[in-house]
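The next block is structure-v5.txt, given as compact mmCIF, C-alpha atoms.
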```txt
# COMPACT_ATOMS: atom_id res chain seq x y z
CA MET M 1 62.05 21.17 70.99
CA ASN M 2 59.28 18.65 71.75
CA ASN M 3 56.58 20.74 70.01
CA ILE M 4 56.79 23.33 72.80
CA LYS M 5 57.49 26.99 72.10
CA LEU M 6 59.09 28.98 74.91
CA ILE M 7 58.46 32.72 75.17
CA THR M 8 59.72 35.31 77.65
CA ASP M 9 60.07 39.08 77.74
CA SER M 10 63.05 41.43 77.64
CA SER M 11 63.31 41.60 81.43
CA CYS M 12 64.91 38.15 81.16
CA ASP M 13 68.64 38.80 81.10
CA LEU M 14 69.85 35.41 79.93
CA PRO M 15 72.91 35.82 77.68
CA GLU M 16 72.02 36.29 74.03
CA TYR M 17 73.89 33.14 72.95
CA ILE M 18 71.53 31.01 75.05
CA MET M 19 68.47 32.74 73.59
CA LYS M 20 69.69 32.14 70.05
CA LYS M 21 70.84 28.57 70.66
CA TYR M 22 67.41 27.48 71.87
CA ASN M 23 65.36 29.83 69.68
CA ILE M 24 63.64 31.50 72.64
CA SER M 25 61.17 34.19 71.59
CA VAL M 26 61.70 37.45 73.48
CA ILE M 27 58.94 40.04 73.55
CA PRO M 28 60.43 43.50 74.21
CA LEU M 29 59.14 45.97 76.74
CA ASN M 30 59.05 49.63 75.77
CA ILE M 31 61.80 51.93 77.07
CA LEU M 32 60.83 55.59 77.27
CA PHE M 33 63.21 58.55 77.42
CA ASP M 34 60.91 61.57 77.60
CA GLU M 35 59.16 61.59 74.20
CA ASP M 36 61.38 58.92 72.64
CA SER M 37 60.26 55.28 72.76
CA TYR M 38 62.43 52.22 72.06
CA LEU M 39 61.82 48.49 71.97
CA ASP M 40 64.16 46.98 74.54
CA GLY M 41 66.96 45.07 72.82
CA VAL M 42 65.58 45.88 69.35
CA ASP M 43 65.83 49.65 68.85
CA ILE M 44 68.36 50.24 71.60
CA THR M 45 71.35 48.15 72.72
CA LYS M 46 72.45 47.80 76.33
CA LYS M 47 75.48 49.99 75.66
CA GLU M 48 73.33 52.69 74.05
CA PHE M 49 70.82 52.49 76.90
CA TYR M 50 73.38 53.06 79.65
CA GLU M 51 75.01 55.89 77.73
CA LYS M 52 71.65 57.55 77.14
CA MET M 53 70.59 57.09 80.76
CA LYS M 54 73.86 58.64 81.96
CA ASN M 55 73.16 61.76 79.92
CA SER M 56 69.44 61.98 80.63
CA THR M 57 67.97 64.45 83.11
CA ASN M 58 64.83 62.40 83.65
CA LEU M 59 64.48 58.79 84.70
CA PRO M 60 63.80 56.39 81.82
CA LYS M 61 60.47 54.62 82.10
CA THR M 62 59.22 51.26 80.93
CA SER M 63 55.86 50.13 79.63
CA SER M 64 54.58 46.62 79.00
CA PRO M 65 54.21 45.06 75.56
CA ALA M 66 50.67 45.22 74.21
CA PRO M 67 48.62 41.99 74.14
CA ASP M 68 48.78 41.83 70.34
CA ARG M 69 52.56 41.32 70.51
CA PHE M 70 51.90 38.08 72.36
CA VAL M 71 49.15 37.13 69.89
CA LYS M 72 51.66 37.50 67.06
CA GLU M 73 54.08 35.08 68.78
CA PHE M 74 51.27 32.58 69.40
CA HIS M 75 50.87 32.22 65.62
CA CYS M 76 53.60 29.61 65.37
CA GLU M 77 54.10 25.99 64.34
CA GLU M 78 54.13 24.60 67.88
CA ASP M 79 50.87 23.40 69.47
CA ASN M 80 52.09 24.01 73.04
CA ILE M 81 53.34 27.37 74.29
CA ILE M 82 54.84 28.39 77.62
CA VAL M 83 55.29 32.07 78.50
CA ILE M 84 57.46 33.01 81.50
CA SER M 85 57.02 36.69 82.31
CA LEU M 86 58.36 39.45 84.50
CA SER M 87 56.71 39.59 87.95
CA SER M 88 53.10 40.77 87.89
CA GLY M 89 54.00 42.85 90.95
CA LEU M 90 56.47 44.87 88.90
CA SER M 91 54.77 45.10 85.52
CA SER M 92 51.52 44.48 83.66
CA THR M 93 53.40 42.24 81.19
CA TYR M 94 51.95 39.08 82.77
CA ASN M 95 48.39 40.40 82.59
CA ASN M 96 48.86 41.50 78.98
CA ALA M 97 50.12 38.01 78.13
CA LEU M 98 46.91 36.58 79.63
CA ILE M 99 44.84 39.00 77.55
CA GLY M 100 46.84 38.01 74.47
CA LYS M 101 46.19 34.35 75.23
CA ASN M 102 42.44 34.93 75.44
CA MET M 103 42.50 36.97 72.23
CA TYR M 104 44.32 34.20 70.38
CA LEU M 105 42.13 31.38 71.69
CA GLU M 106 38.97 33.28 70.74
CA GLU M 107 40.36 33.79 67.25
CA VAL M 108 41.98 30.38 66.67
CA GLY M 109 41.40 28.21 69.73
CA ASN M 110 43.51 25.17 68.92
CA LYS M 111 46.61 25.49 71.15
CA ARG M 112 47.69 24.90 74.73
CA ILE M 113 49.05 28.19 76.09
CA GLU M 114 50.42 28.45 79.64
CA ILE M 115 51.34 31.84 81.14
CA ILE M 116 53.63 31.70 84.18
CA ASP M 117 54.21 34.65 86.52
CA SER M 118 57.89 34.44 87.49
CA LYS M 119 57.36 36.75 90.48
CA ASN M 120 60.90 37.85 89.68
CA GLY M 121 63.01 39.93 87.32
CA SER M 122 66.23 39.78 85.33
CA MET M 123 68.05 36.46 85.83
CA GLY M 124 65.38 35.40 88.32
CA VAL M 125 63.26 35.06 85.18
CA GLY M 126 66.25 33.76 83.25
CA LEU M 127 66.86 30.81 85.56
CA LEU M 128 63.25 29.71 85.16
CA VAL M 129 63.57 29.95 81.38
CA LEU M 130 66.80 27.95 81.54
CA ALA M 131 65.13 25.26 83.66
CA ALA M 132 62.28 25.03 81.13
CA ILE M 133 64.80 24.71 78.27
CA LYS M 134 66.49 21.75 79.95
CA MET M 135 63.19 19.98 80.60
CA ILE M 136 62.06 20.50 77.00
CA GLU M 137 65.37 19.01 75.84
CA LYS M 138 64.71 15.95 77.99
CA GLY M 139 61.32 15.49 76.35
CA LYS M 140 59.24 16.29 79.43
CA SER M 141 55.53 16.96 78.90
CA ILE M 142 54.08 20.45 79.10
CA ASP M 143 52.14 19.42 82.22
CA TYR M 144 55.35 18.32 83.94
CA ILE M 145 57.25 21.47 82.91
CA VAL M 146 54.54 23.92 83.98
CA ASP M 147 54.09 22.19 87.34
CA LYS M 148 57.86 22.16 87.98
CA ILE M 149 58.37 25.80 86.96
CA ASN M 150 55.50 26.97 89.17
CA LYS M 151 57.19 25.20 92.09
CA ASP M 152 60.59 26.67 91.17
CA VAL M 153 59.11 30.20 91.22
CA LYS M 154 58.94 29.95 95.01
CA ASN M 155 62.58 28.87 95.31
CA ILE M 156 64.38 31.55 93.26
CA SER M 157 66.22 34.17 95.33
CA THR M 158 67.27 37.49 93.78
CA TYR M 159 69.31 40.25 95.41
CA VAL M 160 70.48 43.54 93.88
CA VAL M 161 73.23 45.79 95.25
CA LEU M 162 72.58 49.31 93.97
CA ASN M 163 75.65 51.38 93.22
CA THR M 164 73.55 54.54 93.32
CA ILE M 165 70.00 55.47 94.29
CA GLU M 166 69.95 58.29 91.74
CA ASN M 167 67.15 56.71 89.71
CA ALA M 168 65.05 56.12 92.81
CA ALA M 169 65.51 59.80 93.70
CA LYS M 170 64.59 60.88 90.16
CA ALA M 171 61.45 58.77 90.43
CA GLY M 172 60.51 60.60 93.63
CA ARG M 173 60.71 57.46 95.78
CA ILE M 174 63.63 58.76 97.83
CA SER M 175 64.16 62.40 98.78
CA SER M 176 67.15 64.28 97.38
CA PHE M 177 68.29 64.84 100.99
CA LYS M 178 68.41 61.08 101.67
CA GLU M 179 70.20 60.56 98.37
CA LYS M 180 72.91 63.02 99.45
CA ILE M 181 73.29 61.27 102.82
CA VAL M 182 73.72 57.90 101.07
CA GLN M 183 76.33 59.43 98.76
CA VAL M 184 78.26 61.09 101.58
CA LEU M 185 78.34 57.91 103.66
CA ASN M 186 79.06 55.75 100.56
CA LEU M 187 76.18 53.46 101.51
CA LYS M 188 75.23 50.66 99.13
CA ILE M 189 71.59 49.63 99.33
CA THR M 190 70.71 45.97 98.73
CA VAL M 191 67.18 45.11 97.65
CA LYS M 192 65.58 41.68 97.45
CA VAL M 193 62.73 40.40 95.31
CA GLU M 194 60.14 38.97 97.70
CA ASP M 195 56.63 37.86 96.78
CA GLY M 196 57.12 39.44 93.37
CA LEU M 197 57.98 42.86 94.79
CA VAL M 198 61.26 44.70 95.36
CA LYS M 199 62.01 45.51 98.99
CA ILE M 200 64.98 47.18 100.69
CA TYR M 201 66.90 44.41 102.43
CA SER M 202 70.12 45.87 103.88
CA LYS M 203 72.70 48.67 103.77
CA ALA M 204 76.49 48.51 103.81
CA ARG M 205 79.27 51.07 103.50
CA GLY M 206 81.30 50.65 100.32
CA ASP M 207 81.53 48.01 97.61
CA LYS M 208 83.63 45.53 99.58
CA LYS M 209 81.22 45.27 102.51
CA SER M 210 78.17 45.13 100.23
CA LEU M 211 79.65 42.25 98.22
CA ASN M 212 80.63 40.41 101.41
CA LYS M 213 77.03 40.75 102.54
CA LEU M 214 75.89 39.14 99.29
CA ILE M 215 78.14 36.19 100.08
CA ASP M 216 76.49 35.97 103.51
CA PHE M 217 73.01 36.09 101.97
CA ILE M 218 73.82 32.99 99.92
CA GLU M 219 74.87 31.18 103.09
CA ASN M 220 71.79 32.39 104.96
CA GLU M 221 69.54 30.91 102.28
CA GLY M 222 71.00 27.48 103.10
CA VAL M 223 71.30 26.45 99.45
CA ASN M 224 73.08 23.35 98.25
CA ALA M 225 75.42 25.17 95.87
CA SER M 226 76.54 22.02 94.07
CA GLU M 227 72.96 21.57 92.80
CA LYS M 228 72.35 25.22 91.93
CA ILE M 229 73.15 27.62 89.11
CA LEU M 230 74.26 31.07 90.24
CA ALA M 231 73.49 33.97 87.92
CA ILE M 232 75.53 37.16 88.29
CA CYS M 233 74.20 40.17 86.40
CA HIS M 234 75.70 43.63 86.19
CA SER M 235 74.67 47.07 84.98
CA ASN M 236 77.65 47.97 82.78
CA ALA M 237 79.99 46.78 85.56
CA LEU M 238 81.70 43.63 84.30
CA ASP M 239 84.76 44.05 86.55
CA LYS M 240 82.53 44.00 89.63
CA ALA M 241 80.75 40.87 88.39
CA LEU M 242 84.05 39.07 87.77
CA LYS M 243 85.33 40.09 91.20
CA PHE M 244 82.21 38.73 92.84
CA LYS M 245 82.49 35.48 90.87
CA GLU M 246 86.00 35.04 92.29
CA MET M 247 84.69 35.66 95.80
CA VAL M 248 81.95 33.08 95.29
CA ASN M 249 84.36 30.46 93.95
CA ASN M 250 86.52 30.89 97.04
CA LYS M 251 83.63 29.82 99.27
CA TYR M 252 81.06 27.85 97.26
CA ASN M 253 81.00 25.17 94.59
CA PHE M 254 78.03 26.12 92.42
CA LYS M 255 77.11 23.69 89.66
CA GLU M 256 77.41 26.56 87.18
CA ILE M 257 77.90 30.31 87.23
CA ILE M 258 76.44 32.48 84.48
CA ILE M 259 77.50 36.09 84.02
CA SER M 260 75.21 38.38 82.09
CA GLU M 261 74.38 42.06 81.75
CA ILE M 262 71.27 43.74 83.13
CA GLY M 263 69.24 45.03 80.22
CA ALA M 264 67.24 48.22 79.86
CA THR M 265 64.03 46.88 81.43
CA ILE M 266 65.60 46.27 84.85
CA GLY M 267 68.48 48.73 84.33
CA SER M 268 65.97 51.59 84.22
CA TYR M 269 65.52 51.09 87.95
CA SER M 270 68.79 49.53 89.11
CA SER M 271 70.92 52.29 87.52
CA GLU M 272 74.48 51.82 86.25
CA GLY M 273 76.95 49.91 88.42
CA ALA M 274 74.42 47.60 90.06
CA LEU M 275 75.15 43.94 90.74
CA LEU M 276 72.37 41.36 90.80
CA ILE M 277 72.49 37.71 91.80
CA SER M 278 69.88 35.00 91.38
CA PHE M 279 70.04 31.37 92.47
```
What would you get if you wrote out this structure as structure tokens?
Amino acid sequence: MNNIKLITDSSCDLPEYIMKKYNISVIPLNILFDEDSYLDGVDITKKEFYEKMKNSTNLPKTSSPAPDRFVKEFHCEEDNIIVISLSSGLSSTYNNALIGKNMYLEEVGNKRIEIIDSKNGSMGVGLLVLAAIKMIEKGKSIDYIVDKINKDVKNISTYVVLNTIENAAKAGRISSFKEKIVQVLNLKITVKVEDGLVKIYSKARGDKKSLNKLIDFIENEGVNASEKILAICHSNALDKALKFKEMVNNKYNFKEIIISEIGATIGSYSSEGALLISF
């Protein structure tokens, strides 16, 4: 692939077949259930994660990969390396990648290593990785790719409809009283990734209204769907993802639609039943 190695982390929820096809290196974050620690996607599958989270009293936590995990990946055949990481506003993964880069260059010092802060999560990262893959396939230079991806970072929109705010309540970010009110009123909270941070964007009563709002958000962004890829990600809720895909196809003509599952890194906060879109 044009002497360029592409690395991301396990927050990137691109389907596994794409990762394998293009030999993308994925550095796992750590998933913590009380005293038990797992490497995301290595020691624990998505199915096992959601089952364990369902039966856990405490909120699972995540921690960033250590810098030496990046150093290990930098010891490769390629002379040029691009890392696209989870938002620095959500994790220290980006900063640890920078530390790893400096450690490697001090030790070896003969490679071009570019670390890109996606300012996003899940398929917001995935779409940037996919864009980089396509440019590498076309033989674009590392300068061209890095410049283009840094521009694309500003143009990726990501929304998440939360099926429950249980995890937010467990984390102490929302009071148990407010959680009960949301449950009683069947309110679905939508959050948006803005400037690398997750912010509450809207509320709607019930699944149908919340999904209709997502459709409206796409229109409000003023995107040219025929030139865009839409990513639909779900937290163990494939039926909801397929339903939303049908709704989208009835109104828009996206160049491509990718359906994937939210992994443990983002699923720790989105909870089961969430639906995420990036475009």
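Using all atoms listed in the file for every distance, the candidate list M:Lys111, M:Lys188, M:His75, M:Lys61 yields M:Lys61 as the residue closest to M:Ala264.
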- [ ] Take atom CA of M:Asp36 and atom CA of M:Ser11 and report the distance between them in Å, one decimal.
- [x]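 Distance reported for this atom pair: 19.5 Å.
If you count all atoms listed in the file and draw a sphere of 12 Å around (82.5, 43.0, 85.7), the protein and nucleic acid residues inside it come out as Ile232, Cys233, His234, Ser235, Asn236, Ala237, Leu238, Asp239, Lys240, Ala241, Leu242, Lys243, Phe244, Lys245, Glu246, Ile259, Ser260, Glu261, Ile262, Glu272, Gly273, Ala274, Leu275 and Leu276 of chain M.
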Task: Among listed residues M:Ser226, M:Ser278, M:Ser87, M:Ser270, nearest M:Tyr159 (using all atoms listed in the file) - done: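 Of the candidates, the smallest distance to M:Tyr159 is held by M:Ser278.
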Open item on the list: Could you list, as a ChimeraX atom specification, every residue within 7 Å of M:Thr8, counting all atoms listed in the file and ignoring same-chain residues fewer than 6 positions away?
Closed with: /M:25-27,83-85
Could you write out the selected residues, including C-alpha atoms, as a short mmCIF file (atom, residue, chain, number, x, y, z; two decimals), keeping the file's coordinate frame?
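The result, written out as result37.cif:
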```cif
data_model
loop_
_atom_site.label_atom_id
_atom_site.label_comp_id
_atom_site.auth_asym_id
_atom_site.auth_seq_id
_atom_site.Cartn_x
_atom_site.Cartn_y
_atom_site.Cartn_z
CA SER M 25 61.17 34.19 71.59
CA VAL M 26 61.70 37.45 73.48
CA ILE M 27 58.94 40.04 73.55
CA VAL M 83 55.29 32.07 78.50
CA ILE M 84 57.46 33.01 81.50
CA SER M 85 57.02 36.69 82.31
#
```
